[in-house]
>>> print(open('data_12.cif').read())   # mmCIF, C-alpha atoms
data_query
#
loop_
_atom_site.label_atom_id
_atom_site.label_comp_id
_atom_site.auth_asym_id
_atom_site.auth_seq_id
_atom_site.Cartn_x
_atom_site.Cartn_y
_atom_site.Cartn_z
CA MET I 1 100.49 95.18 89.13
CA THR I 2 101.97 97.99 91.18
CA LEU I 3 102.81 101.30 89.60
CA THR I 4 106.08 102.75 90.84
CA VAL I 5 107.34 106.31 90.82
CA GLY I 6 108.76 107.11 87.39
CA ASP I 7 106.38 104.78 85.56
CA VAL I 8 103.93 106.06 82.99
CA ALA I 9 100.43 105.74 84.38
CA PRO I 10 98.06 103.32 82.69
CA SER I 11 95.35 104.60 80.39
CA VAL I 12 91.89 104.35 81.90
CA SER I 13 88.52 105.79 81.07
CA LEU I 14 85.77 105.94 83.68
CA PRO I 15 82.33 107.51 84.08
CA ASP I 16 81.57 110.15 86.69
CA THR I 17 78.34 110.46 88.64
CA ASP I 18 76.71 112.33 85.74
CA GLY I 19 77.70 109.65 83.26
CA SER I 20 80.39 111.77 81.59
CA SER I 21 83.58 109.92 80.72
CA TRP I 22 86.99 110.94 82.06
CA THR I 23 90.27 109.70 80.63
CA ILE I 24 93.69 109.34 82.18
CA PRO I 25 95.95 110.66 80.77
CA ASP I 26 94.29 113.56 78.98
CA GLY I 27 97.19 114.50 76.72
CA ASP I 28 98.97 117.69 77.69
CA GLN I 29 95.89 119.58 78.76
CA THR I 30 96.75 119.56 82.44
CA ALA I 31 99.96 120.40 84.24
CA ALA I 32 99.36 117.62 86.76
CA THR I 33 96.72 115.04 87.61
CA VAL I 34 95.85 113.69 91.03
CA VAL I 35 94.23 110.26 90.97
CA ALA I 36 92.76 109.56 94.40
CA PHE I 37 91.22 106.19 95.12
CA THR I 38 88.57 106.71 97.77
CA CYS I 39 85.09 105.57 98.79
CA ASN I 40 82.05 106.50 100.82
CA HIS I 41 82.28 104.19 103.79
CA CYS I 42 85.88 104.26 104.97
CA PRO I 43 86.68 106.48 107.99
CA TYR I 44 90.18 107.20 106.69
CA ALA I 45 88.84 108.31 103.31
CA ILE I 46 86.24 110.49 105.01
CA ALA I 47 88.73 111.96 107.45
CA TRP I 48 91.04 113.05 104.61
CA HIS I 49 88.30 113.95 102.13
CA GLU I 50 87.96 117.68 102.83
CA ARG I 51 91.71 118.14 102.80
CA ILE I 52 91.91 116.61 99.33
CA LEU I 53 89.05 118.79 98.11
CA ASP I 54 90.70 121.88 99.59
CA ALA I 55 93.89 121.05 97.71
CA ALA I 56 91.87 120.52 94.53
CA ARG I 57 90.34 123.98 94.89
CA ASP I 58 93.66 125.62 95.71
CA TYR I 59 95.45 124.10 92.71
CA ALA I 60 92.64 124.21 90.15
CA GLY I 61 93.84 127.56 88.82
CA ARG I 62 97.31 126.13 88.23
CA GLY I 63 96.23 123.46 85.82
CA VAL I 64 95.86 120.60 88.27
CA ARG I 65 93.09 118.07 87.68
CA VAL I 66 91.88 115.99 90.64
CA LEU I 67 89.95 112.78 89.98
CA LEU I 68 88.44 110.75 92.78
CA ILE I 69 87.77 107.09 92.03
CA ASN I 70 85.67 104.54 93.88
CA SER I 71 86.65 100.96 93.04
CA ASN I 72 85.02 99.10 95.91
CA ASP I 73 82.75 96.09 95.46
CA ALA I 74 79.33 97.68 95.85
CA HIS I 75 77.63 94.33 96.21
CA ARG I 76 79.32 93.70 99.53
CA PHE I 77 79.41 97.38 100.48
CA PRO I 78 76.20 99.06 99.31
CA ARG I 79 77.32 102.42 100.68
CA ASP I 80 79.87 102.41 97.86
CA SER I 81 77.33 101.81 95.10
CA TYR I 82 77.08 104.08 92.06
CA GLN I 83 73.75 105.38 93.35
CA ALA I 84 75.30 106.16 96.73
CA MET I 85 78.15 107.97 94.94
CA ARG I 86 75.67 110.08 93.00
CA GLU I 87 73.71 110.96 96.12
CA ARG I 88 76.84 111.94 97.99
CA VAL I 89 78.17 114.19 95.24
CA ALA I 90 74.79 115.90 94.97
CA ARG I 91 74.45 116.29 98.73
CA GLU I 92 77.97 117.58 99.29
CA ARG I 93 78.26 119.56 96.04
CA TRP I 94 81.65 118.25 95.05
CA ALA I 95 83.79 120.43 92.81
CA VAL I 96 85.71 117.43 91.46
CA PRO I 97 84.52 114.39 89.51
CA TYR I 98 83.85 111.14 91.37
CA LEU I 99 84.55 108.25 89.03
CA TRP I 100 83.08 104.78 89.18
CA ASP I 101 85.52 101.92 88.64
CA GLU I 102 82.89 99.20 88.45
CA THR I 103 85.23 96.58 86.99
CA GLN I 104 88.03 97.51 89.40
CA GLU I 105 90.40 97.60 86.42
CA ALA I 106 91.64 101.10 87.27
CA ALA I 107 92.48 100.09 90.83
CA ARG I 108 94.32 97.02 89.53
CA ALA I 109 96.14 99.01 86.85
CA PHE I 110 97.38 101.58 89.34
CA GLY I 111 98.02 99.00 92.06
CA ALA I 112 95.82 100.91 94.49
CA LYS I 113 95.70 99.27 97.90
CA THR I 114 93.69 101.47 100.23
CA THR I 115 91.20 104.27 100.47
CA PRO I 116 92.60 106.79 100.21
CA ASP I 117 95.57 106.03 97.95
CA LEU I 118 96.90 108.98 95.95
CA PHE I 119 98.83 109.07 92.68
CA VAL I 120 100.22 112.36 91.34
CA LEU I 121 101.03 112.40 87.63
CA ASP I 122 102.97 115.05 85.77
CA ARG I 123 102.02 116.57 82.43
CA ASP I 124 103.37 113.50 80.62
CA GLY I 125 101.41 111.08 82.76
CA VAL I 126 104.46 109.94 84.68
CA LEU I 127 103.88 108.98 88.33
CA ARG I 128 105.70 111.46 90.57
CA TYR I 129 104.10 110.81 93.97
CA ARG I 130 102.21 107.92 95.46
CA GLY I 131 100.85 107.52 98.97
CA ALA I 132 98.88 109.27 101.70
CA PRO I 133 97.68 112.90 101.59
CA ASP I 134 99.68 113.76 104.71
CA ALA I 135 101.11 112.22 107.85
CA ASP I 136 98.03 112.13 110.11
CA HIS I 137 94.41 111.45 109.27
CA HIS I 138 93.44 112.78 112.71
CA ASP I 139 94.96 116.22 112.16
CA PRO I 140 93.19 118.56 109.71
CA SER I 141 95.94 121.14 110.18
CA GLN I 142 98.19 118.90 108.10
CA ARG I 143 96.20 120.14 105.07
CA ALA I 144 97.27 117.28 102.79
CA ALA I 145 100.84 118.54 103.06
CA TRP I 146 102.45 115.65 101.16
CA LEU I 147 100.02 116.06 98.30
CA ARG I 148 100.64 119.80 98.17
CA GLN I 149 104.41 119.31 98.30
CA ALA I 150 104.16 116.85 95.43
CA LEU I 151 102.07 119.22 93.35
CA ASP I 152 104.38 122.16 94.05
CA ALA I 153 107.36 120.09 92.93
CA VAL I 154 105.69 118.78 89.80
CA LEU I 155 104.41 122.23 88.80
CA ALA I 156 107.93 123.60 89.25
CA GLY I 157 109.32 120.85 87.03
CA GLY I 158 111.04 119.06 89.88
CA LEU I 159 110.65 115.82 91.80
CA PRO I 160 108.65 115.56 95.02
CA ASP I 161 110.34 114.79 98.31
CA PRO I 162 108.99 112.49 99.59
CA SER I 163 108.00 110.86 96.34
CA GLU I 164 106.43 107.91 98.07
CA THR I 165 104.70 107.38 101.41
CA LYS I 166 102.77 104.46 102.81
CA PRO I 167 99.11 104.66 101.83
CA VAL I 168 97.00 104.43 104.97
CA GLY I 169 93.35 103.48 105.01
CA CYS I 170 90.81 100.75 104.45
CA SER I 171 91.78 98.07 102.02
CA ILE I 172 90.17 98.24 98.57
CA LYS I 173 87.15 95.94 98.68
CA TRP I 174 87.89 93.55 95.83
CA LYS I 175 85.21 91.48 94.18
CA PRO I 176 85.43 87.77 94.92
CA MET X 1 77.64 78.86 156.59
CA GLY X 2 75.92 77.41 153.57
CA ASP X 3 74.02 80.66 152.98
CA ASN X 4 77.24 82.68 153.18
CA VAL X 5 78.88 80.48 150.62
CA ALA X 6 75.86 80.85 148.37
CA VAL X 7 75.96 84.63 148.69
CA THR X 8 79.66 84.67 147.95
CA ALA X 9 79.20 82.42 144.98
CA SER X 10 76.37 84.58 143.78
CA ARG X 11 78.53 87.68 144.03
CA LEU X 12 81.28 86.02 142.09
CA GLU X 13 78.88 85.02 139.39
CA VAL X 14 77.20 88.40 139.07
CA VAL X 15 80.17 90.66 139.68
CA PRO X 16 83.48 89.29 138.47
CA GLU X 17 86.52 91.02 139.88
CA ASN X 18 87.38 92.79 136.64
CA PRO X 19 85.44 93.71 133.55
CA GLU X 20 85.78 91.63 130.44
CA VAL X 21 87.37 93.91 127.89
CA GLU X 22 87.32 92.82 124.26
CA LEU X 23 88.98 94.31 121.21
CA LEU X 24 87.52 92.86 118.01
CA TRP X 25 89.61 93.55 114.93
CA TRP X 26 89.98 92.77 111.25
CA GLN X 27 93.30 92.65 109.45
CA GLY X 28 92.11 94.84 106.57
CA CYS X 29 91.96 97.91 108.77
CA PRO X 30 95.13 99.56 110.13
CA SER X 31 93.60 101.04 113.28
CA THR X 32 94.03 98.06 115.62
CA ASP X 33 97.29 99.16 117.23
CA GLU X 34 95.99 102.67 117.83
CA ALA X 35 92.83 101.25 119.39
CA ARG X 36 94.81 98.88 121.61
CA ARG X 37 97.05 101.72 122.82
CA MET X 38 94.04 103.92 123.53
CA LEU X 39 92.27 101.16 125.40
CA ARG X 40 95.34 100.26 127.45
CA ALA X 41 95.87 103.91 128.40
CA ALA X 42 92.25 104.26 129.45
CA LEU X 43 92.40 101.10 131.57
CA ASP X 44 95.65 102.23 133.22
CA ARG X 45 94.18 105.63 133.95
CA SER X 46 91.18 103.99 135.61
CA GLY X 47 93.36 101.86 137.85
CA LEU X 48 92.64 98.73 135.82
CA SER X 49 96.15 97.96 134.64
CA ALA X 50 95.69 94.31 135.58
CA VAL X 51 92.85 93.87 133.16
CA VAL X 52 93.80 91.75 130.17
CA ILE X 53 92.46 92.92 126.82
CA ARG X 54 90.94 89.96 125.02
CA THR X 55 91.64 90.41 121.32
CA VAL X 56 89.38 88.67 118.83
CA GLU X 57 90.35 88.57 115.17
CA VAL X 58 87.31 88.53 112.92
CA ARG X 59 88.23 86.67 109.76
CA THR X 60 85.06 85.90 107.83
CA ASP X 61 81.73 87.51 106.94
CA GLU X 62 79.98 84.69 108.79
CA GLN X 63 82.01 85.36 111.91
CA ALA X 64 81.26 89.10 111.56
CA ARG X 65 77.54 88.34 111.53
CA GLU X 66 77.78 86.01 114.51
CA LEU X 67 79.67 88.62 116.53
CA ARG X 68 77.48 91.56 115.32
CA PHE X 69 80.74 93.12 114.16
CA ARG X 70 80.11 96.48 112.47
CA GLY X 71 83.74 97.08 111.72
CA SER X 72 87.26 97.22 113.03
CA PRO X 73 88.08 98.13 115.72
CA THR X 74 85.16 97.34 118.02
CA ILE X 75 85.69 97.61 121.76
CA ARG X 76 83.28 95.99 124.18
CA ILE X 77 83.20 96.01 127.95
CA ASP X 78 81.27 93.15 129.49
CA GLY X 79 79.75 92.66 126.05
CA THR X 80 78.55 96.22 125.53
CA ASP X 81 80.03 98.55 122.94
CA VAL X 82 82.03 101.46 124.38
CA VAL X 83 80.22 104.06 122.27
CA GLU X 84 76.88 102.78 123.53
CA LEU X 85 78.16 102.74 127.10
CA ALA X 86 79.47 106.30 126.80
CA GLY X 87 76.34 107.59 125.09
CA GLY X 88 78.32 108.84 122.12
CA ASP X 89 77.14 109.39 118.57
CA ASP X 90 77.56 106.16 116.61
CA PRO X 91 77.58 106.69 112.83
CA SER X 92 77.90 102.92 112.34
CA ALA X 93 74.59 102.29 114.10
CA GLY X 94 72.30 100.30 111.84
CA GLU X 95 75.13 99.24 109.55
CA PRO X 96 75.17 95.54 108.70
CA ALA X 97 77.85 93.31 110.13
CA ALA X 98 80.85 93.30 107.78
CA LEU X 99 84.59 92.99 107.45
CA THR X 100 85.35 96.68 107.18
CA CYS X 101 86.79 99.64 109.06
CA ARG X 102 84.29 101.08 111.50
CA LEU X 103 83.17 104.69 111.38
CA TYR X 104 83.40 106.66 114.60
CA ARG X 105 82.57 110.26 115.32
CA ARG X 106 84.77 112.16 117.71
CA ARG X 107 83.26 114.54 120.21
CA ASP X 108 84.34 117.48 118.03
CA GLY X 109 82.34 116.06 115.12
CA ARG X 110 85.23 114.63 113.08
CA ILE X 111 84.89 111.19 111.52
CA SER X 112 87.57 108.84 112.78
CA PRO X 113 88.62 105.20 112.39
CA THR X 114 88.93 104.90 116.17
CA PRO X 115 86.57 105.85 119.01
CA ASP X 116 86.99 109.12 120.83
CA PRO X 117 89.42 108.46 123.70
CA HIS X 118 86.99 110.32 125.94
CA ASP X 119 84.25 107.81 125.09
CA VAL X 120 86.55 104.90 125.90
CA ARG X 121 87.50 106.40 129.26
CA VAL X 122 83.88 107.22 130.09
CA ALA X 123 82.77 103.70 129.17
CA ILE X 124 85.41 102.15 131.40
CA GLU X 125 84.62 104.48 134.28
CA LEU X 126 80.87 103.88 133.98
CA SER X 127 81.47 100.16 133.86
CA ALA X 128 83.65 100.36 136.96
CA GLU X 129 81.04 102.47 138.73
CA ALA X 130 78.29 99.97 137.86
CA ARG X 131 80.50 97.22 139.21
CA ARG X 132 81.01 99.05 142.51
CA LEU X 133 77.27 99.66 142.85
CA SER X 134 76.53 96.00 142.16
CA GLU X 135 78.99 94.98 144.83
CA GLU X 136 77.37 97.33 147.33
CA VAL X 137 73.88 96.01 146.53
CA ALA X 138 75.08 92.43 146.81
#
>>> encode(input="data_12.cif", output="structure tokens")
Amino acid sequence: MTLTVGDVAPSVSLPDTDGSSWTIPDGDQTAATVVAFTCNHCPYAIAWHERILDAARDYAGRGVRVLLINSNDAHRFPRDSYQAMRERVARERWAVPYLWDETQEAARAFGAKTTPDLFVLDRDGVLRYRGAPDADHHDPSQRAAWLRQALDAVLAGGLPDPSETKPVGCSIKWKP
Amino acid sequence: MGDNVAVTASRLEVVPENPEVELLWWQGCPSTDEARRMLRAALDRSGLSAVVIRTVEVRTDEQARELRFRGSPTIRIDGTDVVELAGGDDPSAGEPAALTCRLYRRRDGRISPTPDPHDVRVAIELSAEARRLSEEVA
């Protein structure tokens, strides 16, 4: 299944690295939700990681919730195991939850293809942006510009432009 | 005459005219084209435009293990990894062979899906220098 812009996002519930459960959507408690599929081992995900966290910090006061999800097969890629997720969050002191999609159902439901792959939902859980954080993983000065543009548009009640970009990164590591 | 031929043959065996340049890649990682462009530019800059880049697609976990493939892209010159040749920091060192995207660290500390272009150039230049020295010794 591939979610397309304008679709209502699927309902999923996943644990974070503390074992707390997070649900998408969460009713009307947040003005917008960013669902970012990511992982520990992919250079693209790592290159964009700080930019996504910076955006999360900058928009937290405006009712934006950012959820990072790891769906990779940890058996084949031990660096993406739940334990490795917990260690990374503790080491790097993340300000956002890192969710474990052990069954890969969330990745399938959203149609996530790569790490990273971003989905921006509005207050009603409708997908308003899907794709990469910005145009160049090499260039930190891009500051996740596409993500920020999408959030600005959604928070203003409008539609992002662009609403869709090509997700760039490592393929999701599906279980056999 | 016979000795001269032997020496010549020995030289050819030990020091081929051009380095063997390999680009190992996996289709699940989108960095192959960028790596190929970077490698081509580095070869051109070093006066090695005639060198053909041998591309090797790694398709299976078994093949990855056989080739000691720590991720895509991997660039080797005469069988040695460019990061090792250039003396760069290799965050993928010690990682098991796998079909994945390889982690590189640029000289400015950033994590990247491709090697630092400086490392690629240095590796090619060091390889060329070693080749010249070998020819002189021979």
>>> resolve_selection(input="data_12.cif", expression="the PyMOL selection byres ((chain X and resi 48) around 12)", output="PDB file with C-alpha atoms, in the coordinates of the input")
ATOM      1  CA  GLU X  17      86.520  91.020 139.880  1.00  0.00           C
ATOM      2  CA  ASN X  18      87.380  92.790 136.640  1.00  0.00           C
ATOM      3  CA  PRO X  19      85.440  93.710 133.550  1.00  0.00           C
ATOM      4  CA  GLU X  20      85.780  91.630 130.440  1.00  0.00           C
ATOM      5  CA  VAL X  21      87.370  93.910 127.890  1.00  0.00           C
ATOM      6  CA  LEU X  39      92.270 101.160 125.400  1.00  0.00           C
ATOM      7  CA  ARG X  40      95.340 100.260 127.450  1.00  0.00           C
ATOM      8  CA  ALA X  41      95.870 103.910 128.400  1.00  0.00           C
ATOM      9  CA  ALA X  42      92.250 104.260 129.450  1.00  0.00           C
ATOM     10  CA  LEU X  43      92.400 101.100 131.570  1.00  0.00           C
ATOM     11  CA  ASP X  44      95.650 102.230 133.220  1.00  0.00           C
ATOM     12  CA  ARG X  45      94.180 105.630 133.950  1.00  0.00           C
ATOM     13  CA  SER X  46      91.180 103.990 135.610  1.00  0.00           C
ATOM     14  CA  GLY X  47      93.360 101.860 137.850  1.00  0.00           C
ATOM     15  CA  SER X  49      96.150  97.960 134.640  1.00  0.00           C
ATOM     16  CA  ALA X  50      95.690  94.310 135.580  1.00  0.00           C
ATOM     17  CA  VAL X  51      92.850  93.870 133.160  1.00  0.00           C
ATOM     18  CA  VAL X  52      93.800  91.750 130.170  1.00  0.00           C
ATOM     19  CA  ILE X  53      92.460  92.920 126.820  1.00  0.00           C
ATOM     20  CA  ARG X 121      87.500 106.400 129.260  1.00  0.00           C
ATOM     21  CA  ILE X 124      85.410 102.150 131.400  1.00  0.00           C
ATOM     22  CA  GLU X 125      84.620 104.480 134.280  1.00  0.00           C
ATOM     23  CA  SER X 127      81.470 100.160 133.860  1.00  0.00           C
ATOM     24  CA  ALA X 128      83.650 100.360 136.960  1.00  0.00           C
TER      25      ALA X 128
END
>>> closest_atom_pairs(input="data_12.cif", of="segment 20-138 of chain X", to="segment 74-77 of chain I", cutoff="12 Å", atoms="all atoms listed in the file", output="JSON lines")
{"residue": "X:Asp61", "atom": "CA", "partner": "I:Arg76", "partner_atom": "CA", "distance": 10.0}
{"residue": "X:Glu95", "atom": "CA", "partner": "I:Phe77", "partner_atom": "CA", "distance": 10.2}
{"residue": "X:Pro96", "atom": "CA", "partner": "I:Phe77", "partner_atom": "CA", "distance": 9.4}
{"residue": "X:Ala97", "atom": "CA", "partner": "I:Phe77", "partner_atom": "CA", "distance": 10.6}
{"residue": "X:Ala98", "atom": "CA", "partner": "I:Arg76", "partner_atom": "CA", "distance": 8.4}
{"residue": "X:Leu99", "atom": "CA", "partner": "I:Arg76", "partner_atom": "CA", "distance": 9.5}
{"residue": "X:Thr100", "atom": "CA", "partner": "I:Phe77", "partner_atom": "CA", "distance": 9.0}
{"residue": "X:Cys101", "atom": "CA", "partner": "I:Phe77", "partner_atom": "CA", "distance": 11.5}
>>> residues_around(input="data_12.cif", residues="Ala135 of chain I", least_positions_apart="6", cutoff="8 Å", atoms="only C-alpha atoms", output="list in words")
Gln142, Ala145 and Trp146 of chain I
>>> atom_distance(input="data_12.cif", atom1="atom CA of Gly19 of chain I", atom2="atom CA of Glu102 of chain I")
12.8 Å
>>> atom_distance(input="data_12.cif", atom1="atom CA of Ala56 of chain I", atom2="atom CA of Leu3 of chain I")
22.7 Å
>>> closest_residue(input="data_12.cif", among="I:His49, I:Asp18, I:Asp7, I:Phe110", to="Ala90 of chain I", atoms="all atoms listed in the file")
I:Asp18
>>> interface_residues(input="data_12.cif", of="chain I", to="chain X", cutoff="9 Å", atoms="all atoms listed in the file", output="ChimeraX atom specification")
/I:41-44,46-47,76-77,137-138,168-173
>>> write_last_selection(input="data_12.cif", atoms="C-alpha atoms", output="JSON list (two decimals), in the frame of the given file")
[["chain", "number", "residue", "atom", "x", "y", "z"],
["I", 41, "HIS", "CA", 82.28, 104.19, 103.79],
["I", 42, "CYS", "CA", 85.88, 104.26, 104.97],
["I", 43, "PRO", "CA", 86.68, 106.48, 107.99],
["I", 44, "TYR", "CA", 90.18, 107.20, 106.69],
["I", 46, "ILE", "CA", 86.24, 110.49, 105.01],
["I", 47, "ALA", "CA", 88.73, 111.96, 107.45],
["I", 76, "ARG", "CA", 79.32, 93.70, 99.53],
["I", 77, "PHE", "CA", 79.41, 97.38, 100.48],
["I", 137, "HIS", "CA", 94.41, 111.45, 109.27],
["I", 138, "HIS", "CA", 93.44, 112.78, 112.71],
["I", 168, "VAL", "CA", 97.00, 104.43, 104.97],
["I", 169, "GLY", "CA", 93.35, 103.48, 105.01],
["I", 170, "CYS", "CA", 90.81, 100.75, 104.45],
["I", 171, "SER", "CA", 91.78, 98.07, 102.02],
["I", 172, "ILE", "CA", 90.17, 98.24, 98.57],
["I", 173, "LYS", "CA", 87.15, 95.94, 98.68]]
>>> axis_aligned_box(input="data_12.cif", around="segment 65-79 of chain I", padding_each_side="6 Å", output="lines of an AutoDock Vina configuration file")
center_x = 84.6
center_y = 105.9
center_z = 94.2
size_x = 28.9
size_y = 36.4
size_z = 25.0
>>> build_atoms(input="data_12.cif", residues="segment 49-70 of chain X", atoms="N, CA, C and O atoms", output="short mmCIF file (atom, residue, chain, number, x, y, z; two decimals), keeping the file's coordinate frame")
data_model
loop_
_atom_site.label_atom_id
_atom_site.label_comp_id
_atom_site.auth_asym_id
_atom_site.auth_seq_id
_atom_site.Cartn_x
_atom_site.Cartn_y
_atom_site.Cartn_z
N SER X 49 94.99 98.43 135.40
CA SER X 49 96.15 97.96 134.64
C SER X 49 96.23 96.45 134.57
O SER X 49 96.83 95.88 133.64
N ALA X 50 95.62 95.78 135.56
CA ALA X 50 95.69 94.31 135.58
C ALA X 50 94.74 93.66 134.59
O ALA X 50 94.85 92.46 134.31
N VAL X 51 93.83 94.45 134.07
CA VAL X 51 92.85 93.87 133.16
C VAL X 51 93.52 93.47 131.85
O VAL X 51 94.25 94.25 131.24
N VAL X 52 93.26 92.24 131.44
CA VAL X 52 93.80 91.75 130.17
C VAL X 52 92.81 92.05 129.05
O VAL X 52 91.61 91.80 129.18
N ILE X 53 93.31 92.64 127.98
CA ILE X 53 92.46 92.92 126.82
C ILE X 53 92.37 91.65 125.99
O ILE X 53 93.38 91.12 125.53
N ARG X 54 91.15 91.16 125.84
CA ARG X 54 90.94 89.96 125.02
C ARG X 54 90.80 90.41 123.57
O ARG X 54 89.84 91.12 123.25
N THR X 55 91.72 90.02 122.73
CA THR X 55 91.64 90.41 121.32
C THR X 55 91.01 89.27 120.52
O THR X 55 91.36 88.10 120.71
N VAL X 56 90.10 89.64 119.65
CA VAL X 56 89.38 88.67 118.83
C VAL X 56 89.53 89.08 117.37
O VAL X 56 89.05 90.14 116.96
N GLU X 57 90.22 88.27 116.59
CA GLU X 57 90.35 88.57 115.17
C GLU X 57 89.12 88.04 114.43
O GLU X 57 88.78 86.85 114.54
N VAL X 58 88.47 88.92 113.71
CA VAL X 58 87.31 88.53 112.92
C VAL X 58 87.80 88.28 111.50
O VAL X 58 88.34 89.18 110.85
N ARG X 59 87.61 87.06 111.03
CA ARG X 59 88.23 86.67 109.76
C ARG X 59 87.25 86.52 108.61
O ARG X 59 87.63 86.66 107.45
N THR X 60 86.00 86.21 108.91
CA THR X 60 85.06 85.90 107.83
C THR X 60 83.76 86.70 108.00
O THR X 60 83.44 87.17 109.09
N ASP X 61 83.03 86.82 106.87
CA ASP X 61 81.73 87.51 106.94
C ASP X 61 80.80 86.79 107.90
O ASP X 61 80.03 87.43 108.63
N GLU X 62 80.85 85.47 107.90
CA GLU X 62 79.98 84.69 108.79
C GLU X 62 80.30 84.99 110.26
O GLU X 62 79.41 85.20 111.08
N GLN X 63 81.59 85.04 110.55
CA GLN X 63 82.01 85.36 111.91
C GLN X 63 81.58 86.79 112.28
O GLN X 63 81.15 87.05 113.41
N ALA X 64 81.69 87.71 111.31
CA ALA X 64 81.26 89.10 111.56
C ALA X 64 79.78 89.14 111.93
O ALA X 64 79.38 89.87 112.85
N ARG X 65 78.98 88.36 111.22
CA ARG X 65 77.54 88.34 111.53
C ARG X 65 77.29 87.74 112.91
O ARG X 65 76.49 88.26 113.70
N GLU X 66 77.97 86.66 113.21
CA GLU X 66 77.78 86.01 114.51
C GLU X 66 78.14 86.94 115.67
O GLU X 66 77.49 86.95 116.71
N LEU X 67 79.18 87.73 115.45
CA LEU X 67 79.67 88.62 116.53
C LEU X 67 79.03 90.00 116.47
O LEU X 67 79.38 90.87 117.26
N ARG X 68 78.10 90.23 115.52
CA ARG X 68 77.48 91.56 115.32
C ARG X 68 78.58 92.62 115.18
O ARG X 68 78.54 93.70 115.76
N PHE X 69 79.54 92.30 114.33
CA PHE X 69 80.74 93.12 114.16
C PHE X 69 80.50 94.15 113.06
O PHE X 69 80.41 93.81 111.89
N ARG X 70 80.39 95.43 113.46
CA ARG X 70 80.11 96.48 112.47
C ARG X 70 81.37 97.12 111.94
O ARG X 70 81.30 98.11 111.22
#
